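Scroll down for the structure; my scribbles are underneath it.
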Amino acid sequence: MARRSRVGEGVLSFMFAALALVAILTPAQASPNDAAILAKTPPKLLSEYGFFDDLPAQKPAVGVLPFDVATPLFSDSALKYRFVYVPTGLSATYDGTEAFDFPVGTALIKTFAFPADYRDPDKNIRIVETRVMLRQEAGWLASAYVWNAAGTDAELKIAGAKVEIESVAADGSPLAFTYAVPNRNQCKACHAFNGEIVPLGPKARNLNHDFPYAEGAQNQLARWSAAGILAGAPDPSAAPSVPHWRDEAADLNHRARAWLDVNCAHCHRREGPASNSGLFLTFGEPEGVTIGINKRPVAAGKGSGGRAFDIVPGDPDASILLYRVESTEPGVMMPELGRHLPDPDAVSLLRNWILTLR
Amino acid sequence: MRTLLLRAAMLASVSLAFTSIAAAEIHLVDAGEGAAERLTEALILAQPGDTVRIGAGRFELTEGLSLDVDDVTVAGAGPDQTILSFKGQTGSGEGLLVTSDRVVLQDFAVEDSKGDGVKSKGSDQITFRNLRVEWTNGPNEKNGAYGVYPVSSKNVLIDGVTVRGAADAGIYVGQSEYIVVRNSRAEYNVAGIEIENSFKADVYNNVATHNTGGILIFDLPNLPVQGGHDIRVFDNQVVDNDTPNFAPKGNIVAIVPKGMGIMVMANRNVHVFNNTLSGNATAHVLIAAYPNDYDDDAYMFVPRGVYVHGNTYGDGGNAPDGEVGKTISDVSGTPVPDIVWDGVTTIPEYFSWTSAENQIYVDEAEGTTFVNLKMISQLLLPWGWWPDTDISGYKGSLPEPSPVKLPQDGGA
């Protein structure tokens with residue numbers, strides 16, 4: 001507990017007592033429960049962590065910072081709210097390529113929600129699940145909490161869950177599907193690096209842009225450094241960045257590679273669960289056979305769709321990669337987990353990108 | 001889920017050195033209400049040393065199962081008693097995925113998974129014993145690719161499994177080392193048993209029948225592990241492989257002609273002996289180079305050091321199938337000889353010689369037929385070449401790799 005005080009130790013204890021008094025006098029200011037983060041068995045309820053002042057409103061507690069990523073993973077068009085908590089006095093170590101190295105006691109929190117109508121996505125939002133990654137002594141622990149029907153709290157689900165979603169798509173058509181909350185092993189099916197669980201989102205290139213904080217917009221790397229939760233970061237201008245994949249003003253190749261990086265490369269990299277495929281889609285992978293260009297499949301089965309190469313430059317409809325991103329059939333669709341719906345905008349981006357390749 | 005503690009009895013007989021190991025538990029998962037969730041949870045919450053015992057009956061699963069805990073045994077009541085059915089699967093790339101070490105999977109069936117059947121990725125000491133993996137609708141290109149599928153694994157034991165209906169390979173071992181595949185049955189798959197980009201494998205006492213091709217030993221380019229070598233294929237029944245190829249195009253096995261017995265493609269030090277081959281209508285044994293173009297400087301596309309001896313050949317080669325069958329029979333005529341080598345070597349070797357350890361050796365009983373198609377000569381000397389059917393010119397031998405010993409199988 002960050003603000004627990006002990007009695008009878010001179011000046012220090014007086015200072016702690018004063019802090020405790022401040023904490024008591026400040027109305028309803030929650031702070032995260034460090035013991036819950038470090039517990040071997042995760043708490044049954046999301047509220048037990050104390051990450052939020054107002055859980056249903058997703059109003060973070062003191063020390064819990066909201067963030068977003070430049071290009072997000074597509075999760076059946078779920079809205080996502082991301083938060084980071086690093087214990088007071090500790091900081092993550094900056095890394096220019098991989099996720100930052102977070103200290104023990106860190107929590108990464110990600111809430112998934114669906115609006116009742118995508119034509120008005122800020123209204124009538126139903127929160128479905130909150131995923132929590134906790135940095136413990138032994139490594140990262142990942143858990144998913146499924147929200148109750150009243151939307152007041154969420155319960156730990158080790159074995160995952162299925163949730164029926166009903167909404168209205170942006171074009172006004174009805175949208176109904178079964179959303180899958182991952183089981184604990186499925187968390188690791190994406191969050192694995194040489195067999196260990198790792199965070200995916202908090203990478204320099206994906207954070208290096210402005211976030212609309214309550215006090216005003218600020219670059220996230222700068223903010224994390226100023227808040228003391230990130231050490232060793234260069235000035236944002238010297239750090240890598242990727243565009244938002246929908247940003248049509250940005251370079252098409254960068255947009256496509258950013259999309260592939262976030263949606264595919266957690267598995268499709270040398271250290272990832274799909275290393276045996278020989279298809280590597282991290283942002284920094286040089287353009288060539290390893291990103292799929294004129295690469296034959298190895299274990300695709302029906303996922304080949306009768307096509308001979310992962311990417312045929314200039315010919316999206318001969319490219320297995322596009323076939324699998326377009327598909328929603330289990331055993332064919334990519335990614336294998338976390339998606340049930342098509343993502344036509346992403347398909348169109350990749351189609352245009354493959355057309356420009358030679 | 002009921003949990004039985006066996007701690008007292010076990011620990012009492014175990015020496016002090018083992019007391020730090022947590023108590024082994026047996027988690028019983030019976031069929032019935034909530035079985036899928038209970039099984040998923042049991043596999044997640046198992047501790048090292050535990051056994052997850054799956055009761056008899058049918059388990060309908062909509063998501064893939066996975067195990068990521070070391071030292072766990074998952075055991076059913078028998079391959080026809082405990083059935084994990086993935087007919088209604090909506091997610092994941094396989095039925096059951098294992099990513100941990102020292103795991104034993106035994107005595108259950110996996111049916112109709114949307115992708116692969118049972119997969120291990122990056123496991124050390126993984127045992128698949130007395131399993132059945134089947135696509136119950138029979139051969140169909142919409143079936144999953146692989147039935148039993150260890151990949152990037154080490155110390156792999158596949159013993160007494162049956163696989164039917166895989167749209168790629170029934171038993172497929174890829175990018176792995178120290179492998180034993182024995183006493184198993186592969187039928188109605190595109191490839192019965194396939195060892196690909198792997199080192200040190202013993203494949204014996206298996207039956208491969210009614211597949212498109214019986215046993216394939218392949219090496220492919222552009223993969224993190226390649227240069228497959230030291231493989232023994234012996235004492236197998238490779239008979240009546242007569243199912244039309246139903247692999248989706250684009251996959252390498254889609255080139256395999258119906259009626260292929262044993263095919264060796266671009267590997268090193270492969271020994272094929274004491275097998276019984278009959279009823280394979282394209283060819284009993286084919287030794288070939290990788291046929292496609294590729295962009296990979298590290299890849300060796302021709303087989304190096306293959307020794308075929310002491311096999312028994314029955315009827316075969318009467319109806320060569322597909323493009324490969326035509327390529328062969330256009331040169332050899334029909335029936336195609338028992339053993340076919342495409343004759344492809346590297347170009348420098350063509351103009352000089354191939355060293356002894358890289359040559360192809362055939363030592364078979366009187367009456368066994370053979371052809372070297374000399375396909376490199378077709379390419380380089382299209383005006384003056386002929387196939388070589390003199391089997392005696394290929395006599396010789398290679399030192400046999402020592403038997404594969406696995407730690408989980410009484411080995412070192």
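Just remember, in the structure tokens the first chain shown is A, the second B, etc., residues are 1-based per chain, and ligands are 1-based in the order shown.
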
Do a neighbour search on B:Val256 at 8 Å with only C-alpha atoms, toss out local chain neighbours closer than 3 positions, and write the hits as a PDB file with N, CA, C and O atoms, in the first residue's frame.
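Result went into result_21.pdb, see below:
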ATOM      1  N   THR B 212      -3.018 -40.065 -49.605  1.00  0.00           N
ATOM      2  CA  THR B 212      -2.508 -39.759 -50.943  1.00  0.00           C
ATOM      3  C   THR B 212      -1.072 -40.264 -51.035  1.00  0.00           C
ATOM      4  O   THR B 212      -0.708 -40.969 -51.960  1.00  0.00           O
ATOM      5  N   GLY B 213      -0.266 -39.901 -50.027  1.00  0.00           N
ATOM      6  CA  GLY B 213       1.107 -40.393 -49.908  1.00  0.00           C
ATOM      7  C   GLY B 213       1.320 -40.934 -48.502  1.00  0.00           C
ATOM      8  O   GLY B 213       0.793 -40.386 -47.539  1.00  0.00           O
ATOM      9  N   ASN B 245      -5.570 -36.595 -53.960  1.00  0.00           N
ATOM     10  CA  ASN B 245      -5.032 -35.472 -53.186  1.00  0.00           C
ATOM     11  C   ASN B 245      -6.127 -34.433 -52.934  1.00  0.00           C
ATOM     12  O   ASN B 245      -6.734 -33.930 -53.874  1.00  0.00           O
ATOM     13  N   ILE B 252       2.614 -27.455 -49.889  1.00  0.00           N
ATOM     14  CA  ILE B 252       3.583 -28.298 -50.594  1.00  0.00           C
ATOM     15  C   ILE B 252       3.034 -29.703 -50.841  1.00  0.00           C
ATOM     16  O   ILE B 252       3.279 -30.303 -51.881  1.00  0.00           O
ATOM     17  N   VAL B 253       2.222 -30.228 -49.915  1.00  0.00           N
ATOM     18  CA  VAL B 253       1.710 -31.594 -50.128  1.00  0.00           C
ATOM     19  C   VAL B 253       0.713 -31.680 -51.270  1.00  0.00           C
ATOM     20  O   VAL B 253       0.368 -32.773 -51.702  1.00  0.00           O
ATOM     21  N   MET B 260       1.553 -42.468 -53.709  1.00  0.00           N
ATOM     22  CA  MET B 260       2.969 -42.313 -53.367  1.00  0.00           C
ATOM     23  C   MET B 260       3.215 -43.114 -52.087  1.00  0.00           C
ATOM     24  O   MET B 260       2.447 -43.009 -51.130  1.00  0.00           O
ATOM     25  N   VAL B 324       3.262 -34.978 -61.134  1.00  0.00           N
ATOM     26  CA  VAL B 324       4.473 -35.713 -60.758  1.00  0.00           C
ATOM     27  C   VAL B 324       4.448 -37.108 -61.384  1.00  0.00           C
ATOM     28  O   VAL B 324       5.450 -37.568 -61.951  1.00  0.00           O
TER      29      VAL B 324
END

Chain B contacts to chain A at 8 Å (only C-alpha atoms) as a PyMOL selection string:
chain B and resi 37-38+40-41+44+66-68+89-94+99+114-116+121+141-146+151-152+167-168+175+222-225+247-252+295

Write out as a list of chain:residue names the residues lying within 7 Å of B:Trp135, counting only C-alpha atoms and excluding same-chain residues fewer than 6 positions away.
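Using only C-alpha atoms, the neighbours found are B:Glu111, B:Asp112, B:Asn143, B:Arg164, B:Gly165, B:Ala166.
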
What's the 7 Å shell around B:Gly117, counting only C-alpha atoms, without same-chain residues fewer than 2 positions away, as a list in words?
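After dropping sequence-adjacent residues, the list is Glu94, Gly95, Leu96, Val110, Ser113, Gly115, Lys119, Val133, Tyr146, Gly147 and Val148 of chain B.
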
From a DSSP pass on the backbone, collect the residues of stretch 7-212 of chain B flagged as alpha helix (DSSP H) and hand them back as a list in words.
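After running DSSP on the backbone, stretch 7-212 of chain B has alpha helix (DSSP H) at Arg7, Ala8, Ala9, Met10, Leu11, Ala12, Ala35, Ala36, Glu37, Arg38, Leu39, Thr40, Glu41, Ala42, Leu43, Ile44 and Leu45 of chain B.
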
What does the file look like for those residues with N, CA, C and O atoms, as a short mmCIF file (atom, residue, chain, number, x, y, z; two decimals), in the first residue's frame?
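So part39.cif came out as:
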data_model
loop_
_atom_site.label_atom_id
_atom_site.label_comp_id
_atom_site.auth_asym_id
_atom_site.auth_seq_id
_atom_site.Cartn_x
_atom_site.Cartn_y
_atom_site.Cartn_z
N ARG B 7 -1.23 -36.82 -2.20
CA ARG B 7 0.02 -36.35 -1.63
C ARG B 7 0.64 -37.37 -0.67
O ARG B 7 1.78 -37.79 -0.85
N ALA B 8 -0.10 -37.79 0.33
CA ALA B 8 0.48 -38.60 1.39
C ALA B 8 1.17 -39.84 0.85
O ALA B 8 2.36 -40.06 1.08
N ALA B 9 0.44 -40.59 0.09
CA ALA B 9 0.97 -41.86 -0.40
C ALA B 9 2.20 -41.64 -1.26
O ALA B 9 3.20 -42.35 -1.14
N MET B 10 2.15 -40.58 -2.11
CA MET B 10 3.27 -40.36 -3.01
C MET B 10 4.51 -39.88 -2.28
O MET B 10 5.58 -40.42 -2.45
N LEU B 11 4.32 -38.87 -1.47
CA LEU B 11 5.49 -38.26 -0.84
C LEU B 11 6.15 -39.20 0.15
O LEU B 11 7.35 -39.16 0.34
N ALA B 12 5.36 -40.05 0.77
CA ALA B 12 5.92 -40.98 1.73
C ALA B 12 6.99 -41.85 1.10
O ALA B 12 7.98 -42.21 1.74
N ALA B 35 -18.93 -28.93 -18.94
CA ALA B 35 -17.69 -29.70 -19.10
C ALA B 35 -16.61 -28.91 -19.83
O ALA B 35 -15.43 -28.97 -19.46
N ALA B 36 -17.00 -28.14 -20.85
CA ALA B 36 -16.01 -27.41 -21.63
C ALA B 36 -15.28 -26.41 -20.73
O ALA B 36 -14.05 -26.31 -20.75
N GLU B 37 -16.03 -25.68 -19.93
CA GLU B 37 -15.41 -24.68 -19.06
C GLU B 37 -14.57 -25.35 -17.99
O GLU B 37 -13.46 -24.90 -17.67
N ARG B 38 -15.08 -26.46 -17.44
CA ARG B 38 -14.32 -27.16 -16.40
C ARG B 38 -13.01 -27.70 -16.95
O ARG B 38 -11.96 -27.65 -16.29
N LEU B 39 -13.06 -28.21 -18.19
CA LEU B 39 -11.83 -28.76 -18.79
C LEU B 39 -10.84 -27.64 -19.09
O LEU B 39 -9.65 -27.75 -18.79
N THR B 40 -11.34 -26.55 -19.67
CA THR B 40 -10.48 -25.40 -19.96
C THR B 40 -9.78 -24.93 -18.68
O THR B 40 -8.57 -24.71 -18.65
N GLU B 41 -10.57 -24.83 -17.61
CA GLU B 41 -10.04 -24.33 -16.35
C GLU B 41 -9.03 -25.31 -15.74
O GLU B 41 -8.00 -24.91 -15.21
N ALA B 42 -9.35 -26.61 -15.83
CA ALA B 42 -8.44 -27.62 -15.26
C ALA B 42 -7.08 -27.55 -15.94
O ALA B 42 -6.03 -27.67 -15.29
N LEU B 43 -7.08 -27.34 -17.25
CA LEU B 43 -5.81 -27.29 -17.99
C LEU B 43 -5.03 -26.01 -17.65
O LEU B 43 -3.81 -26.00 -17.68
N ILE B 44 -5.76 -24.95 -17.30
CA ILE B 44 -5.08 -23.69 -16.96
C ILE B 44 -4.54 -23.74 -15.53
O ILE B 44 -3.43 -23.30 -15.25
N LEU B 45 -5.33 -24.31 -14.63
CA LEU B 45 -4.97 -24.25 -13.21
C LEU B 45 -4.13 -25.42 -12.74
O LEU B 45 -3.67 -25.45 -11.60
#

Write out as a ChimeraX atom specification each polymer residue whose atoms come within 7 Å of stretch 207-217 of chain A, counting only C-alpha atoms; drop sequence neighbours fewer than 4 positions from it.
/A:67-70,202-203,221,236,241

B:Ala281, B:Leu220, B:Val336, B:Val272: which is nearest B:Glu364, counting only C-alpha atoms?
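The answer is B:Val272, which sits nearest to B:Glu364.
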
12 Å contact set for B:Pro257, only C-alpha atoms, chain neighbours under 4 positions out, as a PyMOL selection string:
chain B and resi 190-191+211-214+216+241-247+252-253+261-263+280-284+286+317+319-328

Would you save the residues of that selection, restricted to N, CA, C and O atoms, as a compact mmCIF listing (two decimals), in the first residue's frame?
# COMPACT_ATOMS: atom_id res chain seq x y z
N VAL B 190 -3.96 -36.55 -46.59
CA VAL B 190 -3.16 -36.30 -47.80
C VAL B 190 -1.81 -36.98 -47.61
O VAL B 190 -1.45 -37.89 -48.33
N ALA B 191 -1.06 -36.56 -46.59
CA ALA B 191 0.17 -37.28 -46.23
C ALA B 191 -0.13 -38.08 -44.96
O ALA B 191 -0.73 -37.54 -44.02
N ASN B 211 -3.82 -43.09 -47.71
CA ASN B 211 -3.53 -41.65 -47.81
C ASN B 211 -3.26 -41.34 -49.28
O ASN B 211 -3.23 -42.25 -50.13
N THR B 212 -3.02 -40.06 -49.61
CA THR B 212 -2.51 -39.76 -50.94
C THR B 212 -1.07 -40.26 -51.04
O THR B 212 -0.71 -40.97 -51.96
N GLY B 213 -0.27 -39.90 -50.03
CA GLY B 213 1.11 -40.39 -49.91
C GLY B 213 1.32 -40.93 -48.50
O GLY B 213 0.79 -40.39 -47.54
N GLY B 214 2.11 -41.99 -48.37
CA GLY B 214 2.23 -42.66 -47.07
C GLY B 214 3.12 -41.94 -46.09
O GLY B 214 2.67 -41.45 -45.04
N LEU B 216 6.29 -39.02 -45.81
CA LEU B 216 7.07 -37.98 -46.50
C LEU B 216 8.17 -37.46 -45.58
O LEU B 216 7.91 -37.13 -44.43
N ASN B 241 -1.97 -46.63 -50.68
CA ASN B 241 -2.20 -45.19 -50.54
C ASN B 241 -2.88 -44.72 -51.81
O ASN B 241 -2.23 -44.53 -52.84
N ASP B 242 -4.19 -44.56 -51.71
CA ASP B 242 -5.01 -44.45 -52.91
C ASP B 242 -6.08 -43.36 -52.81
O ASP B 242 -7.07 -43.38 -53.52
N THR B 243 -5.91 -42.42 -51.88
CA THR B 243 -6.89 -41.34 -51.76
C THR B 243 -6.46 -40.16 -52.64
O THR B 243 -5.31 -39.70 -52.54
N PRO B 244 -7.35 -39.68 -53.50
CA PRO B 244 -6.99 -38.52 -54.33
C PRO B 244 -6.54 -37.34 -53.46
O PRO B 244 -7.05 -37.15 -52.37
N ASN B 245 -5.57 -36.59 -53.96
CA ASN B 245 -5.03 -35.47 -53.19
C ASN B 245 -6.13 -34.43 -52.93
O ASN B 245 -6.73 -33.93 -53.87
N PHE B 246 -6.38 -34.14 -51.65
CA PHE B 246 -7.42 -33.15 -51.34
C PHE B 246 -6.84 -31.95 -50.59
O PHE B 246 -7.57 -31.20 -49.93
N ALA B 247 -5.52 -31.76 -50.69
CA ALA B 247 -4.91 -30.60 -50.03
C ALA B 247 -5.26 -29.33 -50.78
O ALA B 247 -5.25 -29.31 -52.02
N ILE B 252 2.61 -27.45 -49.89
CA ILE B 252 3.58 -28.30 -50.59
C ILE B 252 3.03 -29.70 -50.84
O ILE B 252 3.28 -30.30 -51.88
N VAL B 253 2.22 -30.23 -49.91
CA VAL B 253 1.71 -31.59 -50.13
C VAL B 253 0.71 -31.68 -51.27
O VAL B 253 0.37 -32.77 -51.70
N GLY B 261 4.27 -43.91 -52.06
CA GLY B 261 4.57 -44.67 -50.85
C GLY B 261 5.38 -43.85 -49.87
O GLY B 261 4.85 -43.23 -48.95
N ILE B 262 6.70 -43.83 -50.09
CA ILE B 262 7.60 -43.04 -49.24
C ILE B 262 8.31 -42.03 -50.14
O ILE B 262 8.85 -42.40 -51.19
N MET B 263 8.30 -40.77 -49.74
CA MET B 263 8.93 -39.73 -50.56
C MET B 263 9.95 -38.97 -49.72
O MET B 263 9.63 -38.48 -48.64
N ASN B 280 0.79 -48.99 -54.08
CA ASN B 280 0.99 -47.54 -54.26
C ASN B 280 1.14 -47.28 -55.75
O ASN B 280 2.17 -47.61 -56.36
N ALA B 281 0.11 -46.71 -56.36
CA ALA B 281 -0.03 -46.76 -57.82
C ALA B 281 0.84 -45.76 -58.57
O ALA B 281 0.99 -45.86 -59.78
N THR B 282 1.43 -44.76 -57.87
CA THR B 282 2.38 -43.89 -58.58
C THR B 282 3.79 -44.45 -58.45
O THR B 282 4.44 -44.76 -59.45
N ALA B 283 4.28 -44.58 -57.23
CA ALA B 283 5.61 -45.18 -57.01
C ALA B 283 5.73 -45.55 -55.53
O ALA B 283 5.15 -44.87 -54.68
N HIS B 284 6.50 -46.57 -55.24
CA HIS B 284 6.69 -46.94 -53.84
C HIS B 284 7.63 -45.99 -53.12
O HIS B 284 7.37 -45.57 -52.00
N LEU B 286 10.06 -42.46 -53.79
CA LEU B 286 10.52 -41.37 -54.66
C LEU B 286 11.53 -40.53 -53.90
O LEU B 286 11.27 -40.09 -52.78
N GLY B 317 2.90 -48.75 -58.95
CA GLY B 317 3.33 -47.99 -60.13
C GLY B 317 2.45 -48.16 -61.36
O GLY B 317 2.85 -47.76 -62.45
N ALA B 319 -0.60 -46.88 -61.99
CA ALA B 319 -1.45 -45.76 -62.41
C ALA B 319 -0.88 -44.46 -61.87
O ALA B 319 -1.43 -43.85 -60.97
N PRO B 320 0.26 -44.04 -62.41
CA PRO B 320 0.89 -42.81 -61.92
C PRO B 320 -0.07 -41.62 -62.03
O PRO B 320 -0.72 -41.45 -63.05
N ASP B 321 -0.12 -40.82 -60.95
CA ASP B 321 -1.15 -39.79 -60.83
C ASP B 321 -0.55 -38.39 -60.94
O ASP B 321 0.58 -38.15 -60.51
N GLY B 322 -1.32 -37.51 -61.51
CA GLY B 322 -1.01 -36.08 -61.46
C GLY B 322 0.22 -35.69 -62.23
O GLY B 322 0.78 -36.46 -63.01
N GLU B 323 0.65 -34.45 -61.98
CA GLU B 323 1.78 -33.89 -62.70
C GLU B 323 3.07 -34.66 -62.42
O GLU B 323 3.85 -34.96 -63.32
N VAL B 324 3.26 -34.98 -61.13
CA VAL B 324 4.47 -35.71 -60.76
C VAL B 324 4.45 -37.11 -61.38
O VAL B 324 5.45 -37.57 -61.95
N GLY B 325 3.29 -37.77 -61.31
CA GLY B 325 3.18 -39.11 -61.91
C GLY B 325 3.46 -39.09 -63.40
O GLY B 325 4.12 -39.98 -63.94
N LYS B 326 3.00 -38.02 -64.06
CA LYS B 326 3.22 -37.92 -65.51
C LYS B 326 4.69 -37.66 -65.82
O LYS B 326 5.26 -38.25 -66.72
N THR B 327 5.28 -36.75 -65.03
CA THR B 327 6.70 -36.45 -65.24
C THR B 327 7.53 -37.72 -65.14
O THR B 327 8.44 -37.95 -65.93
N ILE B 328 7.19 -38.55 -64.14
CA ILE B 328 7.95 -39.79 -63.96
C ILE B 328 7.67 -40.76 -65.11
O ILE B 328 8.60 -41.25 -65.77

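Proximity of A:Tyr94, A:Phe102, A:Tyr179, A:Trp147 to A:Leu55, computed with only C-alpha atoms, is greatest for A:Trp147.
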
To one decimal in Å, tell me the separation between atom CA of A:Pro286 and atom CA of B:Ala289.
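Between atom CA of A:Pro286 and atom CA of B:Ala289 the gap is 29.2 Å.
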
Which residues are near B:Gly228? Cut-off 6 Å, only C-alpha atoms, ignore same chain within fewer than 6 positions. Put them as a PyMOL selection string.
chain B and resi 197-199+219+267

When you count only C-alpha atoms, which of these residues is closest to B:Pro337: B:Gln359, B:Gly396, B:Thr276, B:Gly314?
B:Gly314

From the DSSP assignment of the backbone, select every residue of stretch 183-290 of chain A that is strand (DSSP E), and format the answer as a list in words.
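After running DSSP on the backbone, stretch 183-290 of chain A has strand (DSSP E) at Ala192, Phe193, Glu196, Ile197, Asp210, Phe211, Pro212, Tyr213, Gly216, Ala217, Gln218, Asn219, Leu230 and Ala231 of chain A.
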
Save the residues we just selected, C-alpha atoms, as an mmCIF file, in the first residue's frame?
data_model
loop_
_atom_site.group_PDB
_atom_site.id
_atom_site.type_symbol
_atom_site.label_atom_id
_atom_site.label_comp_id
_atom_site.auth_asym_id
_atom_site.auth_seq_id
_atom_site.Cartn_x
_atom_site.Cartn_y
_atom_site.Cartn_z
ATOM 1 C CA ALA A 192 4.208 -14.383 -25.634
ATOM 2 C CA PHE A 193 7.842 -13.561 -26.271
ATOM 3 C CA GLU A 196 7.120 -15.588 -21.481
ATOM 4 C CA ILE A 197 4.137 -13.250 -21.115
ATOM 5 C CA ASP A 210 -0.344 13.466 -28.155
ATOM 6 C CA PHE A 211 -3.001 12.189 -25.764
ATOM 7 C CA PRO A 212 -5.913 14.391 -24.662
ATOM 8 C CA TYR A 213 -5.275 14.479 -20.915
ATOM 9 C CA GLY A 216 -4.700 19.325 -22.055
ATOM 10 C CA ALA A 217 -3.031 17.410 -24.847
ATOM 11 C CA GLN A 218 0.522 16.228 -24.341
ATOM 12 C CA ASN A 219 2.894 13.758 -25.945
ATOM 13 C CA LEU A 230 9.357 6.133 -17.563
ATOM 14 C CA ALA A 231 13.120 6.466 -17.389
#

Take atom CA of B:Phe370 and atom CA of B:Asp390 and report the distance between them in Å, one decimal.
7.0 Å
